[in-house]
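Q: I'd like to ask you about the structure that follows.
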Amino acid sequence: MSSAKIHPTALVDAAAQIGADVEIGPFSIVGPQAVIGEKTIVQSHVVIEGEVIIGTGNFIGHGAIIGAPPQDVSFSPERKTKVEIGNDNVIREYCTIHRGSPDGSATKIGDKNFLMAGAHIGHNCLIGNNVVIANNCLLAGHVRVDDGAFLGGGSTFHQFMHVGRLVMVQGSSAFGKDLPPFVIAAERNCVFGVNVVGLRRAGFSAKDRDEINAAFKLVYLSGLNISQALEKATMMKFSAPAREFLEFVASAKKRGICPLKRDLKEELLKEQD
């Protein structure tokens, strides 16, 4: 802790493990089970409680609370649960990240994510890498968000749902069904199409983009139900990204996947006629 810069008003437990070149701002509280990796900046009035492991090069904004008990009525304080945060994340002002609920479990955040002000990450969420979670998003318990997703401001996500890779979510939306990878989603449980711009920016080839579009149309516009569409897909040649889309659909939980917006679906079907 010799090279760490800790403000005189901060309360840092002597048992906490503080890496080199860490900065901890005024009136922040760091509990005894905290591990903070080198070159991480913790601004003022931050609370880090319970077992929290934070990697290197992170930025934690004013008033963030990390490791608080889950908002789960079945939770009991004697359970050993934690929060694990990777490297190079930006966690802005007043974000809340709750520790896991089942005994031995964790809430996990990967690397290079950007959590904007006021985002809430509920217990046992799994956030991948390079995810953007905009202001005031609310993630209930056990939500999984895969790499490169963008969650627009003020959006809400039901417990146990899964947001696939490179999904783009419009702000002020709400979801209780799974969102397959590579889609644009908005409103309440609606898919609007493929995130073509996101795929291009992520370096997907024209062939991969075309095959993702073909898989999307098979699921959403073929007139087949999900089982029939997936069965037909087994007889078609698809690249790995398109297969990723189809495998996600096949493994969706009992709530299923978000449907294509009805008006848009009717319009697209007319265009195909």
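As shown in the structure tokens, the chain order sets the letters A, B, ...; within each chain, residues go from 1, and ligands are also counted from 1 in the order they appear.
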Please give the complete set of residues from range 1-171 of chain A that DSSP, run on the backbone, assigns to strand (DSSP E or B), formatted as a PyMOL selection string.

A: chain A and resi 5-6+11-12+17-18+23-24+29-30+34-36+41-42+47-48+51-54+59-60+65-68+82-85+90-91+96-98+106-109+114-115+120-121+126-127+132-133+138-139+144-145+150-151+156-157+162-163+168-169

Q: Residues at most 12 Å from Gly63 in chain A, counting only C-alpha atoms, excluding those fewer than 2 positions away in the same chain, as a PyMOL selection string?

A: chain A and resi 25-29+42-48+60-61+65-66+91-97+117-119

Q: As a list in words, please: the residues near Val145 in chain A (cut-off 10 Å, only C-alpha atoms, same-chain neighbours under 6 positions excluded).

A: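 With the cut-off at 10 Å, the set is Ile109, Cys125, Leu126, Ile127, Gly128, Asn129, Val131, Val132, Ile133, Leu139, Leu151, Met161, His162, Val163, Gly164, Arg165, Leu166, Val167 and Leu179 of chain A.
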
Q: Could you write out that same residue set with all heavy atoms as a short mmCIF file (atom, residue, chain, number, x, y, z; two decimals), in the first residue's frame?

A:
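Saved to result.cif:
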data_model
loop_
_atom_site.label_atom_id
_atom_site.label_comp_id
_atom_site.auth_asym_id
_atom_site.auth_seq_id
_atom_site.Cartn_x
_atom_site.Cartn_y
_atom_site.Cartn_z
N ILE A 109 -17.98 -9.07 -13.65
CA ILE A 109 -17.84 -8.08 -14.71
C ILE A 109 -16.47 -8.28 -15.34
O ILE A 109 -15.47 -8.35 -14.62
CB ILE A 109 -18.00 -6.66 -14.15
CG1 ILE A 109 -19.43 -6.47 -13.60
CG2 ILE A 109 -17.70 -5.61 -15.21
CD1 ILE A 109 -19.66 -5.16 -12.90
N CYS A 125 -25.23 -11.22 -11.82
CA CYS A 125 -25.13 -10.86 -13.23
C CYS A 125 -23.76 -11.25 -13.77
O CYS A 125 -22.76 -11.24 -13.03
CB CYS A 125 -25.35 -9.36 -13.42
SG CYS A 125 -27.09 -8.85 -13.28
N LEU A 126 -23.71 -11.56 -15.05
CA LEU A 126 -22.45 -11.87 -15.73
C LEU A 126 -22.31 -10.91 -16.90
O LEU A 126 -23.06 -11.01 -17.88
CB LEU A 126 -22.45 -13.33 -16.23
CG LEU A 126 -22.65 -14.42 -15.18
CD1 LEU A 126 -22.74 -15.78 -15.86
CD2 LEU A 126 -21.52 -14.40 -14.16
N ILE A 127 -21.37 -9.99 -16.80
CA ILE A 127 -21.14 -9.00 -17.85
C ILE A 127 -19.83 -9.36 -18.54
O ILE A 127 -18.81 -9.54 -17.88
CB ILE A 127 -21.05 -7.57 -17.26
CG1 ILE A 127 -22.23 -7.28 -16.32
CG2 ILE A 127 -20.96 -6.54 -18.39
CD1 ILE A 127 -23.58 -7.36 -16.95
N GLY A 128 -19.85 -9.45 -19.87
CA GLY A 128 -18.67 -9.86 -20.61
C GLY A 128 -17.64 -8.76 -20.73
O GLY A 128 -17.31 -8.09 -19.75
N ASN A 129 -17.10 -8.56 -21.92
CA ASN A 129 -16.08 -7.56 -22.18
C ASN A 129 -16.60 -6.54 -23.20
O ASN A 129 -17.43 -6.86 -24.05
CB ASN A 129 -14.81 -8.22 -22.74
CG ASN A 129 -14.29 -9.32 -21.83
OD1 ASN A 129 -14.21 -9.16 -20.62
ND2 ASN A 129 -13.95 -10.45 -22.43
N VAL A 131 -18.61 -4.12 -23.03
CA VAL A 131 -20.04 -3.85 -22.95
C VAL A 131 -20.25 -2.40 -22.50
O VAL A 131 -19.53 -1.91 -21.63
CB VAL A 131 -20.72 -4.81 -21.95
CG1 VAL A 131 -22.17 -4.42 -21.70
CG2 VAL A 131 -20.63 -6.25 -22.45
N VAL A 132 -21.21 -1.72 -23.11
CA VAL A 132 -21.60 -0.38 -22.68
C VAL A 132 -22.99 -0.47 -22.06
O VAL A 132 -23.94 -0.93 -22.71
CB VAL A 132 -21.61 0.62 -23.84
CG1 VAL A 132 -22.10 1.99 -23.37
CG2 VAL A 132 -20.22 0.74 -24.46
N ILE A 133 -23.09 -0.04 -20.81
CA ILE A 133 -24.37 -0.01 -20.10
C ILE A 133 -24.63 1.45 -19.76
O ILE A 133 -23.97 2.03 -18.89
CB ILE A 133 -24.34 -0.90 -18.84
CG1 ILE A 133 -24.02 -2.34 -19.23
CG2 ILE A 133 -25.67 -0.81 -18.09
CD1 ILE A 133 -23.91 -3.29 -18.06
N LEU A 139 -30.43 -3.89 -14.24
CA LEU A 139 -30.29 -5.32 -14.52
C LEU A 139 -30.67 -6.09 -13.27
O LEU A 139 -30.04 -5.93 -12.22
CB LEU A 139 -28.86 -5.68 -14.93
CG LEU A 139 -28.46 -5.45 -16.39
CD1 LEU A 139 -28.54 -3.98 -16.78
CD2 LEU A 139 -27.05 -5.98 -16.64
N LEU A 151 -26.36 -1.31 -24.12
CA LEU A 151 -27.67 -1.21 -23.48
C LEU A 151 -28.01 0.26 -23.30
O LEU A 151 -27.36 0.97 -22.53
CB LEU A 151 -27.66 -1.93 -22.12
CG LEU A 151 -27.10 -3.37 -22.11
CD1 LEU A 151 -27.28 -3.98 -20.73
CD2 LEU A 151 -27.76 -4.23 -23.18
N MET A 161 -32.55 -13.29 -17.68
CA MET A 161 -32.53 -13.18 -19.14
C MET A 161 -31.10 -13.06 -19.66
O MET A 161 -30.17 -12.80 -18.91
CB MET A 161 -33.41 -12.03 -19.63
CG MET A 161 -32.91 -10.65 -19.33
SD MET A 161 -33.72 -9.41 -20.37
CE MET A 161 -33.10 -9.82 -21.99
N HIS A 162 -30.94 -13.24 -20.97
CA HIS A 162 -29.63 -13.31 -21.60
C HIS A 162 -29.61 -12.35 -22.79
O HIS A 162 -30.48 -12.43 -23.67
CB HIS A 162 -29.37 -14.76 -22.06
CG HIS A 162 -28.01 -15.01 -22.61
ND1 HIS A 162 -27.61 -16.25 -23.06
CD2 HIS A 162 -26.95 -14.20 -22.81
CE1 HIS A 162 -26.37 -16.18 -23.51
NE2 HIS A 162 -25.94 -14.95 -23.37
N VAL A 163 -28.63 -11.46 -22.82
CA VAL A 163 -28.44 -10.53 -23.92
C VAL A 163 -27.22 -11.00 -24.70
O VAL A 163 -26.11 -11.07 -24.18
CB VAL A 163 -28.22 -9.09 -23.41
CG1 VAL A 163 -28.00 -8.13 -24.58
CG2 VAL A 163 -29.41 -8.63 -22.56
N GLY A 164 -27.41 -11.30 -25.97
CA GLY A 164 -26.34 -11.87 -26.78
C GLY A 164 -25.29 -10.86 -27.20
O GLY A 164 -25.40 -9.65 -26.98
N ARG A 165 -24.29 -11.37 -27.87
CA ARG A 165 -23.14 -10.56 -28.30
C ARG A 165 -23.55 -9.49 -29.32
O ARG A 165 -24.34 -9.74 -30.23
CB ARG A 165 -22.08 -11.50 -28.88
CG ARG A 165 -20.78 -10.83 -29.28
CD ARG A 165 -19.67 -11.84 -29.42
NE ARG A 165 -19.82 -12.74 -30.55
CZ ARG A 165 -19.09 -12.68 -31.67
NH1 ARG A 165 -18.17 -11.73 -31.80
NH2 ARG A 165 -19.27 -13.56 -32.63
N LEU A 166 -22.98 -8.30 -29.15
CA LEU A 166 -23.16 -7.19 -30.09
C LEU A 166 -24.64 -6.81 -30.29
O LEU A 166 -25.01 -6.26 -31.32
CB LEU A 166 -22.52 -7.51 -31.43
CG LEU A 166 -20.98 -7.48 -31.45
CD1 LEU A 166 -20.44 -8.04 -32.75
CD2 LEU A 166 -20.47 -6.06 -31.24
N VAL A 167 -25.45 -7.07 -29.29
CA VAL A 167 -26.83 -6.57 -29.32
C VAL A 167 -26.82 -5.06 -29.09
O VAL A 167 -26.07 -4.55 -28.27
CB VAL A 167 -27.69 -7.28 -28.26
CG1 VAL A 167 -29.00 -6.54 -28.01
CG2 VAL A 167 -27.97 -8.72 -28.67
N LEU A 179 -32.43 -11.93 -25.84
CA LEU A 179 -32.12 -11.18 -27.06
C LEU A 179 -30.98 -11.88 -27.78
O LEU A 179 -29.84 -11.87 -27.31
CB LEU A 179 -31.72 -9.75 -26.72
CG LEU A 179 -32.87 -8.85 -26.24
CD1 LEU A 179 -32.32 -7.53 -25.68
CD2 LEU A 179 -33.84 -8.57 -27.38
#

Q: Which residues are close to Val83 in chain A, i.e. within 6 Å by only C-alpha atoms, leaving aside same-chain residues fewer than 6 positions away? Reply as a PDB file with all heavy atoms, in the first residue's frame.

A:
ATOM      1  N   VAL A  52     -14.912  -8.262  -2.455  1.00  0.00           N
ATOM      2  CA  VAL A  52     -14.891  -7.625  -3.771  1.00  0.00           C
ATOM      3  C   VAL A  52     -13.464  -7.696  -4.309  1.00  0.00           C
ATOM      4  O   VAL A  52     -12.526  -7.242  -3.651  1.00  0.00           O
ATOM      5  CB  VAL A  52     -15.351  -6.154  -3.702  1.00  0.00           C
ATOM      6  CG1 VAL A  52     -15.230  -5.499  -5.073  1.00  0.00           C
ATOM      7  CG2 VAL A  52     -16.783  -6.060  -3.195  1.00  0.00           C
ATOM      8  N   GLY A  67     -20.502  -4.356  -3.997  1.00  0.00           N
ATOM      9  CA  GLY A  67     -20.431  -5.442  -3.035  1.00  0.00           C
ATOM     10  C   GLY A  67     -21.500  -5.425  -1.972  1.00  0.00           C
ATOM     11  O   GLY A  67     -21.459  -6.239  -1.032  1.00  0.00           O
ATOM     12  N   ARG A  99     -23.359  -8.070  -4.676  1.00  0.00           N
ATOM     13  CA  ARG A  99     -22.682  -9.370  -4.682  1.00  0.00           C
ATOM     14  C   ARG A  99     -23.702 -10.489  -4.891  1.00  0.00           C
ATOM     15  O   ARG A  99     -24.915 -10.287  -4.837  1.00  0.00           O
ATOM     16  CB  ARG A  99     -21.884  -9.567  -3.406  1.00  0.00           C
ATOM     17  CG  ARG A  99     -22.654  -9.645  -2.101  1.00  0.00           C
ATOM     18  CD  ARG A  99     -21.647  -9.810  -0.956  1.00  0.00           C
ATOM     19  NE  ARG A  99     -22.268  -9.990   0.353  1.00  0.00           N
ATOM     20  CZ  ARG A  99     -22.436  -9.020   1.238  1.00  0.00           C
ATOM     21  NH1 ARG A  99     -22.065  -7.777   0.948  1.00  0.00           N
ATOM     22  NH2 ARG A  99     -22.979  -9.269   2.409  1.00  0.00           N
ATOM     23  N   ALA A 106     -20.997 -15.471  -7.345  1.00  0.00           N
ATOM     24  CA  ALA A 106     -20.406 -14.152  -7.574  1.00  0.00           C
ATOM     25  C   ALA A 106     -21.158 -13.406  -8.668  1.00  0.00           C
ATOM     26  O   ALA A 106     -21.730 -13.998  -9.582  1.00  0.00           O
ATOM     27  CB  ALA A 106     -18.936 -14.288  -7.975  1.00  0.00           C
ATOM     28  N   THR A 107     -21.139 -12.098  -8.556  1.00  0.00           N
ATOM     29  CA  THR A 107     -21.482 -11.203  -9.649  1.00  0.00           C
ATOM     30  C   THR A 107     -20.183 -10.907 -10.384  1.00  0.00           C
ATOM     31  O   THR A 107     -19.190 -10.550  -9.747  1.00  0.00           O
ATOM     32  CB  THR A 107     -22.108  -9.903  -9.110  1.00  0.00           C
ATOM     33  OG1 THR A 107     -23.269 -10.228  -8.351  1.00  0.00           O
ATOM     34  CG2 THR A 107     -22.461  -8.953 -10.237  1.00  0.00           C
ATOM     35  N   LYS A 108     -20.170 -11.058 -11.716  1.00  0.00           N
ATOM     36  CA  LYS A 108     -18.901 -10.952 -12.451  1.00  0.00           C
ATOM     37  C   LYS A 108     -18.995  -9.927 -13.575  1.00  0.00           C
ATOM     38  O   LYS A 108     -19.939  -9.932 -14.356  1.00  0.00           O
ATOM     39  CB  LYS A 108     -18.502 -12.311 -13.025  1.00  0.00           C
ATOM     40  CG  LYS A 108     -18.250 -13.377 -11.957  1.00  0.00           C
ATOM     41  CD  LYS A 108     -17.811 -14.684 -12.578  1.00  0.00           C
ATOM     42  CE  LYS A 108     -17.551 -15.751 -11.509  1.00  0.00           C
ATOM     43  NZ  LYS A 108     -17.100 -17.025 -12.112  1.00  0.00           N
TER      44      LYS A 108
END

Q: Leaving out Ala20 in chain A and any residue of its chain fewer than 4 positions from it, which residues lie within 6 Å of it when counting only C-alpha atoms, given as JSON, numbers by chain?

A: {"A": [3, 4, 38]}

Q: Based on the backbone DSSP call, show me all residues of range 29-254 of chain A assigned alpha helix (DSSP H), as a PyMOL selection string.

A: chain A and resi 196-201+206-220+226-233+240-250

Q: Taking only C-alpha atoms into account, produce a table as a tab-separated table in which each residue of range 169-224 of chain A with an atom at most 7 Å from an atom of range 229-247 of chain A appears once, together with its shortest atom pair and the distance in Å to one decimal, ordered by chain and rising number.

A:
residue	atom	partner	partner_atom	distance
A:Pro180	CA	A:Phe245	CA	6.2
A:Pro181	CA	A:Phe245	CA	5.7
A:Asp208	CA	A:Ser239	CA	6.5
A:Glu211	CA	A:Ala242	CA	5.8
A:Ile212	CA	A:Ala242	CA	4.5
A:Ala215	CA	A:Ala242	CA	6.0
A:Leu218	CA	A:Ala229	CA	6.0
A:Val219	CA	A:Ala229	CA	5.6
A:Leu224	CA	A:Ala229	CA	5.5

Q: Next, write the just-selected residues to a file, as a PDB file, in the first residue's frame, keeping N, CA, C and O atoms as the atom set.

A:
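What landed in again.pdb:
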ATOM      1  N   PRO A 180     -31.248 -12.497 -28.935  1.00  0.00           N
ATOM      2  CA  PRO A 180     -30.187 -13.209 -29.656  1.00  0.00           C
ATOM      3  C   PRO A 180     -29.056 -12.277 -30.073  1.00  0.00           C
ATOM      4  O   PRO A 180     -29.258 -11.060 -30.210  1.00  0.00           O
ATOM      5  N   PRO A 181     -27.871 -12.808 -30.280  1.00  0.00           N
ATOM      6  CA  PRO A 181     -26.742 -11.965 -30.685  1.00  0.00           C
ATOM      7  C   PRO A 181     -27.013 -11.255 -32.001  1.00  0.00           C
ATOM      8  O   PRO A 181     -27.768 -11.745 -32.850  1.00  0.00           O
ATOM      9  N   ASP A 208     -20.059 -13.129 -43.655  1.00  0.00           N
ATOM     10  CA  ASP A 208     -20.620 -13.422 -42.337  1.00  0.00           C
ATOM     11  C   ASP A 208     -21.887 -12.601 -42.085  1.00  0.00           C
ATOM     12  O   ASP A 208     -22.874 -13.117 -41.535  1.00  0.00           O
ATOM     13  N   GLU A 211     -24.759 -14.118 -43.961  1.00  0.00           N
ATOM     14  CA  GLU A 211     -25.237 -15.373 -43.371  1.00  0.00           C
ATOM     15  C   GLU A 211     -25.995 -15.128 -42.068  1.00  0.00           C
ATOM     16  O   GLU A 211     -26.960 -15.838 -41.766  1.00  0.00           O
ATOM     17  N   ILE A 212     -25.563 -14.130 -41.283  1.00  0.00           N
ATOM     18  CA  ILE A 212     -26.329 -13.761 -40.090  1.00  0.00           C
ATOM     19  C   ILE A 212     -27.717 -13.280 -40.487  1.00  0.00           C
ATOM     20  O   ILE A 212     -28.727 -13.641 -39.871  1.00  0.00           O
ATOM     21  N   ALA A 215     -29.794 -16.292 -41.386  1.00  0.00           N
ATOM     22  CA  ALA A 215     -30.237 -17.006 -40.190  1.00  0.00           C
ATOM     23  C   ALA A 215     -31.352 -16.242 -39.481  1.00  0.00           C
ATOM     24  O   ALA A 215     -32.323 -16.833 -38.989  1.00  0.00           O
ATOM     25  N   LEU A 218     -34.529 -16.754 -41.382  1.00  0.00           N
ATOM     26  CA  LEU A 218     -35.023 -18.114 -41.174  1.00  0.00           C
ATOM     27  C   LEU A 218     -35.822 -18.210 -39.876  1.00  0.00           C
ATOM     28  O   LEU A 218     -36.891 -18.833 -39.827  1.00  0.00           O
ATOM     29  N   VAL A 219     -35.319 -17.583 -38.819  1.00  0.00           N
ATOM     30  CA  VAL A 219     -35.986 -17.636 -37.518  1.00  0.00           C
ATOM     31  C   VAL A 219     -37.215 -16.731 -37.481  1.00  0.00           C
ATOM     32  O   VAL A 219     -38.278 -17.120 -36.981  1.00  0.00           O
ATOM     33  N   LEU A 224     -41.912 -20.378 -40.291  1.00  0.00           N
ATOM     34  CA  LEU A 224     -41.722 -21.602 -39.503  1.00  0.00           C
ATOM     35  C   LEU A 224     -41.694 -21.269 -38.024  1.00  0.00           C
ATOM     36  O   LEU A 224     -41.312 -20.164 -37.637  1.00  0.00           O
TER      37      LEU A 224
END

Q: So that I can check the surroundings of Asp111 in chain A, please list as a PyMOL selection string every protein, DNA and RNA residue that reaches within 8 Å of it, counting only C-alpha atoms and ignoring chain neighbours fewer than 4 positions away.

A: chain A and resi 85-89+128-130

Q: Just the residues within 12 Å of Phe175 in chain A, please, counting only C-alpha atoms, with nothing from its chain fewer than 6 positions along; format it as a ChimeraX atom specification.

A: /A:137-140,143,151,154-163,169,185-191,255-259

Q: Can you tell me how far CA of Val73 in chain A sits from CA of Ser105 in chain A, in Å to one decimal?

A: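 If I compute the distance from CA of Val73 in chain A to CA of Ser105 in chain A, I get 16.3 Å.
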
Q: So which one's closest to Phe248 in chain A, A:Phe216, A:Phe75, A:Phe192, A:Gly203? Using only C-alpha atoms, please.

A: A:Phe216

Q: What is the CA of Leu11 in chain A to CA of His62 in chain A distance in Å?

A: 15.0 Å

Q: Hey, which of A:Ile121, A:Glu84, A:Pro32, A:Ala206 ends up closest to Ala64 in chain A? Count only C-alpha atoms.

A: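 That would be A:Ile121, the residue with the smallest distance to Ala64 in chain A.
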
Q: Please measure the separation of CA of Ile54 in chain A and CA of Ser101 in chain A, giving the value in Å to one decimal.

A: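 If I compute the distance from CA of Ile54 in chain A to CA of Ser101 in chain A, I get 18.8 Å.
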